[in-house]
Structure formats: C-alpha cells, structure tokens
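Shown next: run.tsv, containing TSV, C-alpha atoms.
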```tsv
chain	number	residue	atom	x	y	z
A	202	MET	CA	-8.49	-6.80	-17.94
A	203	ASP	CA	-9.60	-5.94	-14.43
A	204	ARG	CA	-10.51	-9.38	-13.08
A	205	ALA	CA	-12.67	-7.78	-10.40
A	206	ASP	CA	-14.84	-5.99	-12.99
A	207	PRO	CA	-17.98	-8.09	-13.66
A	208	VAL	CA	-18.83	-6.11	-16.82
A	209	LEU	CA	-15.50	-6.88	-18.45
A	210	ALA	CA	-15.63	-10.45	-17.19
A	211	ARG	CA	-19.01	-10.95	-18.87
A	212	ARG	CA	-17.61	-9.56	-22.11
A	213	ASP	CA	-14.77	-12.10	-22.03
A	214	ILE	CA	-17.17	-14.99	-21.41
A	215	ARG	CA	-19.55	-13.77	-24.11
A	216	SER	CA	-16.86	-13.59	-26.81
A	217	GLY	CA	-14.82	-16.62	-25.74
A	218	LYS	CA	-16.66	-19.28	-27.76
A	219	SER	CA	-16.48	-17.36	-31.05
A	220	ASN	CA	-12.80	-16.52	-30.58
A	221	VAL	CA	-11.93	-20.20	-30.09
A	222	GLY	CA	-13.78	-21.09	-33.31
A	223	ALA	CA	-11.93	-18.38	-35.24
A	224	GLU	CA	-8.57	-19.55	-33.96
A	225	MET	CA	-9.29	-23.15	-35.00
A	226	ALA	CA	-10.32	-21.99	-38.49
A	227	MET	CA	-7.09	-20.00	-38.81
A	228	LEU	CA	-5.02	-22.99	-37.71
A	229	GLY	CA	-6.75	-25.20	-40.29
A	230	LEU	CA	-6.11	-22.72	-43.10
A	231	CYS	CA	-2.44	-22.41	-42.16
A	232	ILE	CA	-2.05	-26.17	-42.32
A	233	VAL	CA	-3.74	-26.34	-45.72
A	234	ALA	CA	-1.59	-23.45	-47.03
A	235	GLY	CA	1.58	-25.16	-45.88
A	236	TRP	CA	0.56	-28.49	-47.43
A	237	ALA	CA	-0.33	-26.83	-50.73
A	238	GLY	CA	3.01	-25.04	-50.93
A	239	ILE	CA	4.94	-28.25	-50.33
A	240	HIS	CA	2.78	-30.33	-52.70
A	241	PHE	CA	2.92	-27.89	-55.64
A	242	GLU	CA	6.43	-26.65	-54.78
A	243	ASP	CA	5.31	-23.05	-55.24
A	244	VAL	CA	5.69	-20.53	-52.42
A	245	ARG	CA	3.26	-18.18	-54.14
A	246	ILE	CA	0.45	-20.65	-53.54
A	247	THR	CA	1.32	-20.82	-49.84
A	248	PHE	CA	1.51	-17.02	-49.58
A	249	THR	CA	-1.80	-16.51	-51.40
A	250	MET	CA	-3.61	-19.09	-49.28
A	251	PHE	CA	-2.09	-17.64	-46.08
A	252	ILE	CA	-3.35	-14.13	-46.93
A	253	GLY	CA	-6.72	-15.62	-47.80
A	254	GLY	CA	-6.75	-17.37	-44.45
A	255	LEU	CA	-6.04	-14.13	-42.63
A	256	VAL	CA	-8.89	-12.38	-44.44
A	257	THR	CA	-11.25	-15.26	-43.76
A	258	TRP	CA	-10.27	-15.32	-40.08
A	259	GLY	CA	-10.84	-11.56	-39.83
A	260	LEU	CA	-14.28	-11.84	-41.39
A	261	TYR	CA	-15.13	-14.79	-39.15
A	262	ALA	CA	-13.87	-13.28	-35.89
A	263	ALA	CA	-14.80	-9.63	-36.44
A	264	PRO	CA	-18.56	-9.98	-35.72
A	265	SER	CA	-17.98	-11.67	-32.36
A	266	ALA	CA	-15.20	-9.22	-31.47
A	267	ILE	CA	-17.42	-6.25	-32.30
A	268	LYS	CA	-20.31	-7.81	-30.41
A	269	GLY	CA	-18.15	-8.40	-27.34
A	270	PHE	CA	-16.61	-4.91	-27.39
A	271	SER	CA	-18.33	-2.16	-25.48
A	272	VAL	CA	-17.13	1.44	-25.51
A	273	LYS	CA	-19.02	1.93	-22.26
A	274	ASP	CA	-17.03	-0.91	-20.63
A	275	LEU	CA	-13.78	0.65	-21.81
A	276	ILE	CA	-14.75	4.07	-20.45
A	277	ILE	CA	-15.76	2.62	-17.07
A	278	SER	CA	-12.50	0.69	-16.79
A	279	ARG	CA	-10.45	3.76	-17.69
A	280	GLN	CA	-12.44	5.93	-15.28
A	281	LYS	CA	-11.78	3.53	-12.41
A	282	SER	CA	-8.06	3.58	-13.15
A	283	VAL	CA	-7.98	7.40	-13.24
A	284	GLU	CA	-9.97	7.69	-9.99
A	285	ALA	CA	-7.68	5.21	-8.21
A	286	SER	CA	-4.59	7.11	-9.37
A	287	LYS	CA	-6.10	10.43	-8.30
A	288	LEU	CA	-7.01	9.09	-4.87
A	289	LYS	CA	-3.50	7.69	-4.38
A	290	LYS	CA	-1.98	11.12	-5.17
A	291	GLU	CA	-4.44	12.93	-2.85
A	292	ASN	CA	-3.68	10.50	-0.01
A	293	ALA	CA	0.06	10.93	-0.53
A	294	ALA	CA	-0.30	14.72	-0.35
A	295	LYS	CA	-2.10	14.34	2.99
A	296	GLY	CA	0.38	11.83	4.34
A	297	LEU	CA	-2.17	9.01	4.09
A	298	PRO	CA	-1.46	5.50	2.78
A	299	PRO	CA	-3.24	4.18	-0.33
A	300	PRO	CA	-6.47	2.24	0.38
A	301	ASP	CA	-4.89	-1.12	-0.54
A	302	GLN	CA	-2.07	-0.61	1.98
A	303	THR	CA	-4.56	0.34	4.69
A	304	ALA	CA	-6.61	-2.78	3.95
A	305	SER	CA	-3.44	-4.90	4.10
A	306	LEU	CA	-2.56	-3.47	7.52
A	307	ILE	CA	-6.04	-4.28	8.84
A	308	ALA	CA	-5.82	-7.85	7.53
A	309	ALA	CA	-2.33	-8.27	9.03
A	310	ARG	CA	-3.45	-7.45	12.57
A	311	ARG	CA	-2.91	-10.35	14.96
A	312	THR	CA	-3.31	-11.12	18.64
A	313	ILE	CA	0.01	-12.46	19.96
A	314	PHE	CA	-0.34	-14.35	23.23
A	315	PRO	CA	2.05	-13.43	26.08
A	316	LYS	CA	3.52	-16.95	26.11
A	317	ASP	CA	5.02	-16.09	22.72
A	318	HIS	CA	6.50	-12.75	23.77
A	319	ASN	CA	10.27	-12.69	24.14
A	320	GLY	CA	10.75	-10.26	27.03
A	321	LYS	CA	12.28	-7.47	24.92
A	322	ALA	CA	11.33	-4.00	26.14
A	323	VAL	CA	8.91	-1.74	24.28
A	324	SER	CA	10.06	1.87	24.29
A	325	LYS	CA	8.15	4.69	25.94
A	326	GLU	CA	8.00	6.44	22.56
A	327	GLN	CA	6.28	3.43	20.98
A	328	ILE	CA	3.74	3.27	23.81
A	329	GLN	CA	3.06	7.00	23.56
A	330	ALA	CA	2.43	6.65	19.82
A	331	LEU	CA	-0.15	3.92	20.56
A	332	LEU	CA	-1.92	6.13	23.08
A	333	ASP	CA	-1.98	9.03	20.60
A	334	ALA	CA	-3.58	6.73	18.03
A	335	ALA	CA	-6.17	5.56	20.55
A	336	ASN	CA	-7.12	9.16	21.24
A	337	TRP	CA	-8.49	9.53	17.70
A	338	ALA	CA	-11.21	6.91	18.09
A	339	PRO	CA	-14.81	7.87	17.27
A	340	THR	CA	-16.72	9.25	20.26
A	341	HIS	CA	-20.43	10.01	20.43
A	342	ASN	CA	-21.30	13.24	22.23
A	343	LEU	CA	-17.54	13.85	22.58
A	344	THR	CA	-17.34	11.93	25.85
A	345	GLU	CA	-13.90	10.50	24.93
A	346	PRO	CA	-14.45	7.75	27.53
A	347	TRP	CA	-11.17	5.86	27.03
A	348	ARG	CA	-8.76	5.93	29.94
A	349	PHE	CA	-5.46	4.07	30.11
A	350	VAL	CA	-3.09	3.16	32.91
A	351	VAL	CA	0.40	2.20	31.72
A	352	LEU	CA	2.18	-0.29	33.97
A	353	GLN	CA	5.86	-1.16	33.75
A	354	GLY	CA	8.51	-2.28	36.19
A	355	GLU	CA	7.40	-2.26	39.84
A	356	SER	CA	3.88	-1.04	39.12
A	357	LYS	CA	3.42	-3.98	36.74
A	358	LYS	CA	4.51	-6.41	39.47
A	359	LYS	CA	2.17	-4.81	42.02
A	360	PHE	CA	-0.71	-5.12	39.57
A	361	GLU	CA	0.06	-8.82	39.07
A	362	GLU	CA	0.32	-9.43	42.83
A	363	LEU	CA	-2.97	-7.63	43.43
A	364	THR	CA	-4.60	-9.73	40.73
A	365	ILE	CA	-3.51	-12.98	42.41
A	366	GLU	CA	-4.68	-11.71	45.80
A	367	LEU	CA	-8.11	-10.69	44.49
A	368	VAL	CA	-8.58	-13.98	42.62
A	369	GLY	CA	-8.04	-15.80	45.92
A	370	LYS	CA	-10.35	-13.42	47.77
A	371	TYR	CA	-13.34	-13.31	45.42
A	372	THR	CA	-13.35	-16.75	43.78
A	373	GLU	CA	-15.76	-19.27	45.31
A	374	LYS	CA	-14.07	-21.04	48.21
A	375	ASP	CA	-14.14	-24.52	46.68
A	376	LYS	CA	-12.49	-23.20	43.50
A	377	ALA	CA	-10.22	-20.50	44.91
A	378	GLU	CA	-7.12	-22.62	45.49
A	379	GLU	CA	-7.19	-24.07	41.99
A	380	ALA	CA	-7.78	-20.63	40.46
A	381	VAL	CA	-4.86	-19.11	42.35
A	382	GLU	CA	-2.52	-21.91	41.27
A	383	ARG	CA	-3.54	-21.43	37.65
A	384	ILE	CA	-2.86	-17.69	37.86
A	385	ARG	CA	0.48	-18.23	39.59
A	386	GLY	CA	1.46	-20.43	36.65
A	387	LYS	CA	0.86	-17.51	34.28
A	388	ALA	CA	2.64	-15.17	36.67
A	389	SER	CA	5.77	-17.32	36.59
A	390	LYS	CA	5.85	-18.12	32.87
A	391	ALA	CA	3.98	-15.71	30.60
A	392	TRP	CA	3.64	-12.45	32.53
A	393	PRO	CA	7.40	-11.78	32.84
A	394	LEU	CA	7.68	-11.90	29.03
A	395	VAL	CA	5.29	-8.94	28.67
A	396	SER	CA	7.07	-5.58	28.49
A	397	ALA	CA	4.15	-3.39	29.56
A	398	TYR	CA	0.48	-3.45	30.43
A	399	ILE	CA	-1.84	-0.78	29.12
A	400	VAL	CA	-4.87	-1.24	31.36
A	401	ILE	CA	-7.99	-0.37	29.35
A	402	CYS	CA	-10.55	1.64	31.28
A	403	MET	CA	-13.80	3.47	30.59
A	404	ALA	CA	-14.74	6.69	32.39
A	405	ARG	CA	-18.45	7.52	32.52
A	406	ALA	CA	-17.92	11.26	32.17
A	407	PRO	CA	-20.72	13.44	30.78
A	408	GLY	CA	-20.22	14.73	27.28
A	409	LYS	CA	-21.35	17.79	25.39
A	410	GLY	CA	-24.30	19.40	27.12
A	411	GLY	CA	-23.58	17.55	30.38
A	412	LYS	CA	-25.37	14.42	29.19
A	413	ALA	CA	-23.93	10.92	29.63
A	414	ASN	CA	-24.13	8.37	26.83
A	415	PRO	CA	-25.72	4.95	27.16
A	416	GLU	CA	-22.98	2.71	28.53
A	417	TRP	CA	-22.75	0.55	25.43
A	418	GLU	CA	-21.81	3.59	23.32
A	419	ASP	CA	-18.88	4.42	25.58
A	420	ILE	CA	-17.79	0.77	25.59
A	421	ALA	CA	-17.88	0.81	21.78
A	422	SER	CA	-15.74	3.94	21.71
A	423	VAL	CA	-13.15	2.36	24.01
A	424	ALA	CA	-13.09	-0.76	21.81
A	425	MET	CA	-12.43	1.36	18.73
A	426	ALA	CA	-9.61	3.12	20.59
A	427	VAL	CA	-8.09	-0.29	21.30
A	428	GLN	CA	-8.39	-1.23	17.61
A	429	ASN	CA	-6.41	1.91	16.77
A	430	MET	CA	-3.68	0.70	19.13
A	431	TYR	CA	-3.81	-2.77	17.61
A	432	LEU	CA	-3.29	-1.44	14.08
A	433	LEU	CA	-0.42	0.86	14.98
A	434	ALA	CA	1.21	-1.87	17.09
A	435	THR	CA	1.03	-4.10	14.01
A	436	ALA	CA	2.72	-1.42	11.92
A	437	GLN	CA	5.38	-1.00	14.64
A	438	GLY	CA	6.16	-4.72	14.58
A	439	LEU	CA	4.99	-5.21	18.18
A	440	ALA	CA	3.11	-8.13	19.76
A	441	PRO	CA	-0.22	-6.92	21.21
A	442	TYR	CA	-2.85	-8.88	23.11
A	443	TRP	CA	-6.11	-7.56	24.58
A	444	SER	CA	-6.85	-9.74	27.59
A	445	SER	CA	-10.16	-9.57	29.44
A	446	TRP	CA	-8.01	-10.32	32.49
A	447	GLN	CA	-9.27	-12.18	35.56
A	448	ALA	CA	-12.88	-11.04	35.91
A	449	VAL	CA	-13.14	-11.29	39.70
A	450	ALA	CA	-9.96	-9.23	40.08
A	451	ARG	CA	-10.70	-6.83	37.24
A	452	ASP	CA	-14.12	-5.88	38.66
A	453	ALA	CA	-13.11	-5.77	42.33
A	454	PRO	CA	-13.37	-2.43	44.21
A	455	GLU	CA	-9.73	-2.77	45.28
A	456	MET	CA	-8.70	-2.86	41.61
A	457	ALA	CA	-10.78	0.26	40.85
A	458	THR	CA	-8.93	2.03	43.65
A	459	PHE	CA	-5.55	0.87	42.36
A	460	LEU	CA	-6.38	2.16	38.87
A	461	GLY	CA	-7.92	5.42	40.10
A	462	LEU	CA	-11.41	4.66	38.77
A	463	ASP	CA	-14.66	6.09	40.14
A	464	ALA	CA	-16.71	2.91	40.47
A	465	ALA	CA	-19.65	4.81	41.96
A	466	ARG	CA	-19.88	6.88	38.76
A	467	GLY	CA	-19.78	3.74	36.63
A	468	ASP	CA	-16.13	3.73	35.59
A	469	ARG	CA	-14.93	0.27	34.57
A	470	CYS	CA	-11.82	-1.68	33.70
A	471	LEU	CA	-12.34	-3.43	30.36
A	472	GLY	CA	-9.21	-5.54	30.29
A	473	VAL	CA	-5.48	-5.28	29.75
A	474	PHE	CA	-3.53	-4.58	26.56
A	475	ASN	CA	-0.43	-6.78	26.91
A	476	LEU	CA	2.41	-5.30	24.92
A	477	GLY	CA	5.76	-6.74	23.95
A	478	HIS	CA	7.88	-8.20	21.17
A	479	SER	CA	7.72	-11.68	19.71
A	480	ASP	CA	9.84	-13.88	17.48
A	481	ARG	CA	6.73	-15.82	16.47
A	482	ARG	CA	4.58	-13.14	14.87
A	483	ASP	CA	4.77	-14.81	11.45
A	484	ALA	CA	3.53	-18.08	12.96
A	485	TYR	CA	0.16	-16.50	13.69
A	486	ARG	CA	-2.08	-17.03	10.69
A	487	GLY	CA	-5.41	-15.29	10.25
A	488	SER	CA	-8.56	-16.64	8.63
A	489	ARG	CA	-12.12	-15.41	8.27
A	490	LYS	CA	-15.29	-16.85	6.78
A	491	PRO	CA	-16.47	-15.01	3.64
A	492	ILE	CA	-17.98	-11.59	4.35
A	493	ALA	CA	-20.77	-12.46	1.91
A	494	ASP	CA	-22.10	-14.91	4.54
A	495	LYS	CA	-22.45	-12.04	7.03
A	496	VAL	CA	-23.95	-9.28	4.89
A	497	THR	CA	-27.44	-8.67	3.58
A	498	TRP	CA	-27.74	-6.06	0.80
A	499	MET	CA	-31.08	-4.28	0.63
A	500	GLU	CA	-32.27	-1.70	-1.94
```
Taking this structure as input, can you express it in the form of structure tokens?
Amino acid sequence: MDRADPVLARRDIRSGKSNVGAEMAMLGLCIVAGWAGIHFEDVRITFTMFIGGLVTWGLYAAPSAIKGFSVKDLIISRQKSVEASKLKKENAAKGLPPPDQTASLIAARRTIFPKDHNGKAVSKEQIQALLDAANWAPTHNLTEPWRFVVLQGESKKKFEELTIELVGKYTEKDKAEEAVERIRGKASKAWPLVSAYIVICMARAPGKGGKANPEWEDIASVAMAVQNMYLLATAQGLAPYWSSWQAVARDAPEMATFLGLDAARGDRCLGVFNLGHSDRRDAYRGSRKPIADKVTWME
C-alpha cells in the first residue's frame, strides 16, 4: 500500500476492525478443531471442523473485505505508479534526475562556515561549472542581472585587505577599532581556509525593450542564481557559504571600483560566496518547521 495515499489509508482503517474480528473467530475455531481431534482421537473430525472454520471465516470476513475494496482506489494507485515510472524514463532520456533525487539534493544543501573549511583548493573547472549553473537562473525581462567576480590568490588577499581598510574608514569612530580587530581575527583564522571568493553582484542593465526591472526583481534573480550554485556545489561535495560580508565595506564606493561596478547606475554587491572543502560537512544538520504551518490552500 502507498502510505502517502489517503484513499488507500482510509480503506485500511475502514476494514481494520472487521478483519481483526474475523481473525479472532478463525483462531477460536482452530483451537476447537484441535481440541475435538485430540478428545475424540479422530483426525477426520479435526479436518472437517477446520474446513468448516475456513468457510465460516470466509463468510464472516468477505463482506468487510468487499466493502473495503474499491476498484477506483486500485486504478488510481496503479495509475500513479505508471506515471511515476514514465516520468523517470522521460527524465533519464533527457539527462535529468528523477524527482525524488532532485528533492533529496535540495534538502541536502547546507551552508558550511569558513571556520570549518580545510584549506583544500577548489579547481577552476568546478568553479566554472558553478557559474554555468548560475547563468540558468530565472530572469524577468531577460535582464540577466547576475554578475560575479572570482577571487583567488593575490586578488583574494587584496580584497580582504581592502575590506579591513574600509571597515576602519567607514565604521563609527567609537566602534571602528573594535570592528577592525574583529575582522582581523577572521582574516587570520577563517579567511585563509577559503579556497576562493565568488563575489555576488547585481548589474542594473536594461532588459528587453530597453526597460529596467524594479530592483527587487533583479535581486530575486541574483538570489536564484546563487541557489543554483549552492545546489551544484552540494552535488560536487564542496563547502559553500553565502556571506553578506561587512556591510560598510561591501557598499563603499572604493569596493564598487575594485569590483568594476557602476554604482551610479545602481549596480550593487550582494555578498560573497565563500567556496572551499570541509571535513565537517556531515556535522551540519538541517531542520525546518512543517511546510503546512507556512501554506494556506485556497480554492
């Protein structure tokens, strides 16, 4: 039985009480038949009573079994199985995974903090595959607003140094020293463990017809591009982390210049995709509250 099928589940519940009664009656008759055979020392009596018990049980259980059985339920269950098998074959022909595997990948996605990276390098081919996946995000008006700056080696260090400098420059004076010390702590411990930064940017370029989207639509498109990277990084066995970065540094004009963004047009940096490897991926456990608490069905 398909445990997720409410129709079949109802049928089981509906027939359960009668089936239990029939089984108890059969057990009682078997006991009586056995006792009679032993008492009268005649196996024919036992055999006759046993056959009678079977007939009685059949007559007793048949009405509830017939009542609980529904040809419609059987057809629906079979139809679902055929449709699932057909979809699996169609997906395989197109090079697509079955729906259950796709759902498992989505549920397996995790954010792995840089402190748990191990410093192992991510290959250029792996990074390129992530960028290719990002490029297939949904985009209203075909603006394709996602822009990425990949930082490794010396460029990564320059980005980190610029971040520390801008935090000191733009943080309120009475908090600047503490903020810089906190960032330097990350710079000495966690940042070196990250193999590459993919800086996530949004370009406010006009789309089809020369019209720009509302900003929130382009931000949503960029976020979906990042989700594509997250999912493929999960499948690659990598350790991804989308950091909002240090806001005062991220939004500074000097950072826009470093990243090649047109701030006057409305281009923005939306954070940093930290990428690396980790030996602690399995230690990250996911949990969510039931989706039923977050959905309202209306007809």
Atom pair atom CA of A:Phe459 / atom CA of A:Cys402: separation (Å):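 These two atoms are separated by 12.2 Å.
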Shell around A:Glu366 at 12 Å using all atoms listed in the file, local window under 2 positions removed, as JSON, numbers by chain: {"A": [359, 360, 361, 362, 363, 364, 368, 369, 370, 371, 372, 377, 378, 380, 381, 382, 384, 385, 447, 449, 450, 451, 453, 455, 456]}
Would you tabulate, counting all atoms listed in the file, all residues of stretch 458-486 of chain A that have an atom at most 12 Å from an atom of stretch 343-354 of chain A, showing the closest pair of atoms and their distance in Å to one decimal, sorted by chain then ascending number, as a tab-separated table?
```
residue	atom	partner	partner_atom	distance
A:Phe459	CA	A:Val350	CA	10.0
A:Leu460	CA	A:Val350	CA	6.9
A:Gly461	CA	A:Val350	CA	9.0
A:Leu462	CA	A:Arg348	CA	9.3
A:Asp463	CA	A:Arg348	CA	11.8
A:Gly467	CA	A:Pro346	CA	11.3
A:Asp468	CA	A:Pro346	CA	9.2
A:Arg469	CA	A:Arg348	CA	9.6
A:Cys470	CA	A:Arg348	CA	9.0
A:Leu471	CA	A:Trp347	CA	9.9
A:Gly472	CA	A:Phe349	CA	10.3
A:Val473	CA	A:Val350	CA	9.3
A:Phe474	CA	A:Val351	CA	9.4
A:Asn475	CA	A:Leu352	CA	9.9
A:Leu476	CA	A:Val351	CA	10.3
A:Gly477	CA	A:Gln353	CA	11.3
```
Could you write out that same residue set with C-alpha atoms as a PDB file, keeping the file's coordinate frame?
```
ATOM      1  CA  PHE A 459      -5.550   0.870  42.360  1.00  0.00           C
ATOM      2  CA  LEU A 460      -6.380   2.160  38.870  1.00  0.00           C
ATOM      3  CA  GLY A 461      -7.920   5.420  40.100  1.00  0.00           C
ATOM      4  CA  LEU A 462     -11.410   4.660  38.770  1.00  0.00           C
ATOM      5  CA  ASP A 463     -14.660   6.090  40.140  1.00  0.00           C
ATOM      6  CA  GLY A 467     -19.780   3.740  36.630  1.00  0.00           C
ATOM      7  CA  ASP A 468     -16.130   3.730  35.590  1.00  0.00           C
ATOM      8  CA  ARG A 469     -14.930   0.270  34.570  1.00  0.00           C
ATOM      9  CA  CYS A 470     -11.820  -1.680  33.700  1.00  0.00           C
ATOM     10  CA  LEU A 471     -12.340  -3.430  30.360  1.00  0.00           C
ATOM     11  CA  GLY A 472      -9.210  -5.540  30.290  1.00  0.00           C
ATOM     12  CA  VAL A 473      -5.480  -5.280  29.750  1.00  0.00           C
ATOM     13  CA  PHE A 474      -3.530  -4.580  26.560  1.00  0.00           C
ATOM     14  CA  ASN A 475      -0.430  -6.780  26.910  1.00  0.00           C
ATOM     15  CA  LEU A 476       2.410  -5.300  24.920  1.00  0.00           C
ATOM     16  CA  GLY A 477       5.760  -6.740  23.950  1.00  0.00           C
TER      17      GLY A 477
END
```
A:Ala335 surroundings by all atoms listed in the file, 7 Å radius, close-in-sequence under 4 positions cut, as a list in words: Leu331, Ala426, Val427, Asn429 and Met430 of chain A
Selected residue of minimal separation from A:Lys412 among A:Ala322, A:Arg383, A:Ser286, A:Asn342, counting only C-alpha atoms: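 Using only C-alpha atoms, A:Lys412 sits closest to A:Asn342.
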Residue among A:Lys390, A:Leu432, A:Tyr398, A:Pro339 lying closest to A:Ile420, counting only C-alpha atoms: A:Pro339
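Reported to one decimal place, the separation of atom CA of A:Ala330 from atom CA of A:Arg486 is 25.8 Å.
One finds atom CA of A:Pro298 at 15.2 Å from atom CA of A:Gln437.
Proximity to A:Val423 was assessed for A:Thr340, A:Lys387, A:Asp494, A:Gly411 counting all atoms listed in the file; the smallest distance is recorded for A:Thr340.
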Shortest interatomic distance to A:Glu416 - which of A:Arg481, A:Lys358, A:Arg466, A:Arg489, counting all atoms listed in the file: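 Of A:Arg481, A:Lys358, A:Arg466, A:Arg489, the one nearest A:Glu416, counting all atoms listed in the file, is A:Arg466.
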Please return stretch 313-334 of chain A, rebuilt to N, CA, C and O atoms, as a short mmCIF file (atom, residue, chain, number, x, y, z; two decimals), keeping the file's coordinate frame.
```cif
data_model
loop_
_atom_site.label_atom_id
_atom_site.label_comp_id
_atom_site.auth_asym_id
_atom_site.auth_seq_id
_atom_site.Cartn_x
_atom_site.Cartn_y
_atom_site.Cartn_z
N ILE A 313 -1.16 -11.63 19.63
CA ILE A 313 0.01 -12.46 19.96
C ILE A 313 -0.01 -12.75 21.46
O ILE A 313 0.14 -11.83 22.28
N PHE A 314 -0.21 -13.99 21.82
CA PHE A 314 -0.34 -14.35 23.23
C PHE A 314 0.96 -14.11 24.00
O PHE A 314 2.06 -14.31 23.46
N PRO A 315 0.85 -13.71 25.27
CA PRO A 315 2.05 -13.43 26.08
C PRO A 315 3.05 -14.57 26.14
O PRO A 315 4.26 -14.33 26.23
N LYS A 316 2.59 -15.81 26.05
CA LYS A 316 3.52 -16.95 26.11
C LYS A 316 4.50 -16.92 24.94
O LYS A 316 5.56 -17.56 25.00
N ASP A 317 4.14 -16.19 23.88
CA ASP A 317 5.02 -16.09 22.72
C ASP A 317 5.77 -14.77 22.66
O ASP A 317 6.42 -14.47 21.65
N HIS A 318 5.67 -13.96 23.70
CA HIS A 318 6.50 -12.75 23.77
C HIS A 318 7.92 -13.18 24.15
O HIS A 318 8.14 -14.28 24.69
N ASN A 319 8.88 -12.31 23.88
CA ASN A 319 10.27 -12.69 24.14
C ASN A 319 10.95 -11.89 25.25
O ASN A 319 12.15 -12.07 25.49
N GLY A 320 10.19 -11.01 25.91
CA GLY A 320 10.75 -10.26 27.03
C GLY A 320 11.47 -8.98 26.65
O GLY A 320 11.89 -8.21 27.52
N LYS A 321 11.61 -8.70 25.36
CA LYS A 321 12.28 -7.47 24.92
C LYS A 321 11.42 -6.27 25.26
O LYS A 321 10.20 -6.29 25.11
N ALA A 322 12.06 -5.19 25.70
CA ALA A 322 11.33 -4.00 26.14
C ALA A 322 10.75 -3.21 24.97
O ALA A 322 11.36 -3.09 23.91
N VAL A 323 9.54 -2.68 25.21
CA VAL A 323 8.91 -1.74 24.28
C VAL A 323 9.23 -0.34 24.77
O VAL A 323 9.11 -0.05 25.97
N SER A 324 9.64 0.53 23.88
CA SER A 324 10.06 1.87 24.29
C SER A 324 8.88 2.75 24.70
O SER A 324 7.74 2.53 24.26
N LYS A 325 9.18 3.74 25.52
CA LYS A 325 8.15 4.69 25.94
C LYS A 325 7.59 5.44 24.74
O LYS A 325 6.39 5.74 24.69
N GLU A 326 8.44 5.73 23.76
CA GLU A 326 8.00 6.44 22.56
C GLU A 326 6.99 5.61 21.77
O GLU A 326 6.01 6.14 21.23
N GLN A 327 7.22 4.30 21.69
CA GLN A 327 6.28 3.43 20.98
C GLN A 327 4.93 3.39 21.71
O GLN A 327 3.88 3.43 21.08
N ILE A 328 4.98 3.30 23.03
CA ILE A 328 3.74 3.27 23.81
C ILE A 328 2.99 4.58 23.67
O ILE A 328 1.76 4.59 23.49
N GLN A 329 3.70 5.69 23.71
CA GLN A 329 3.06 7.00 23.56
C GLN A 329 2.38 7.13 22.21
O GLN A 329 1.28 7.68 22.09
N ALA A 330 3.02 6.60 21.17
CA ALA A 330 2.43 6.65 19.82
C ALA A 330 1.12 5.85 19.79
O ALA A 330 0.14 6.27 19.15
N LEU A 331 1.08 4.71 20.49
CA LEU A 331 -0.15 3.92 20.56
C LEU A 331 -1.26 4.69 21.25
O LEU A 331 -2.42 4.68 20.82
N LEU A 332 -0.93 5.37 22.33
CA LEU A 332 -1.92 6.13 23.08
C LEU A 332 -2.45 7.31 22.24
O LEU A 332 -3.64 7.62 22.27
N ASP A 333 -1.55 7.94 21.49
CA ASP A 333 -1.98 9.03 20.60
C ASP A 333 -2.94 8.52 19.54
O ASP A 333 -3.91 9.20 19.18
N ALA A 334 -2.67 7.32 19.03
CA ALA A 334 -3.58 6.73 18.03
C ALA A 334 -4.94 6.41 18.64
O ALA A 334 -5.99 6.65 18.03
#
```
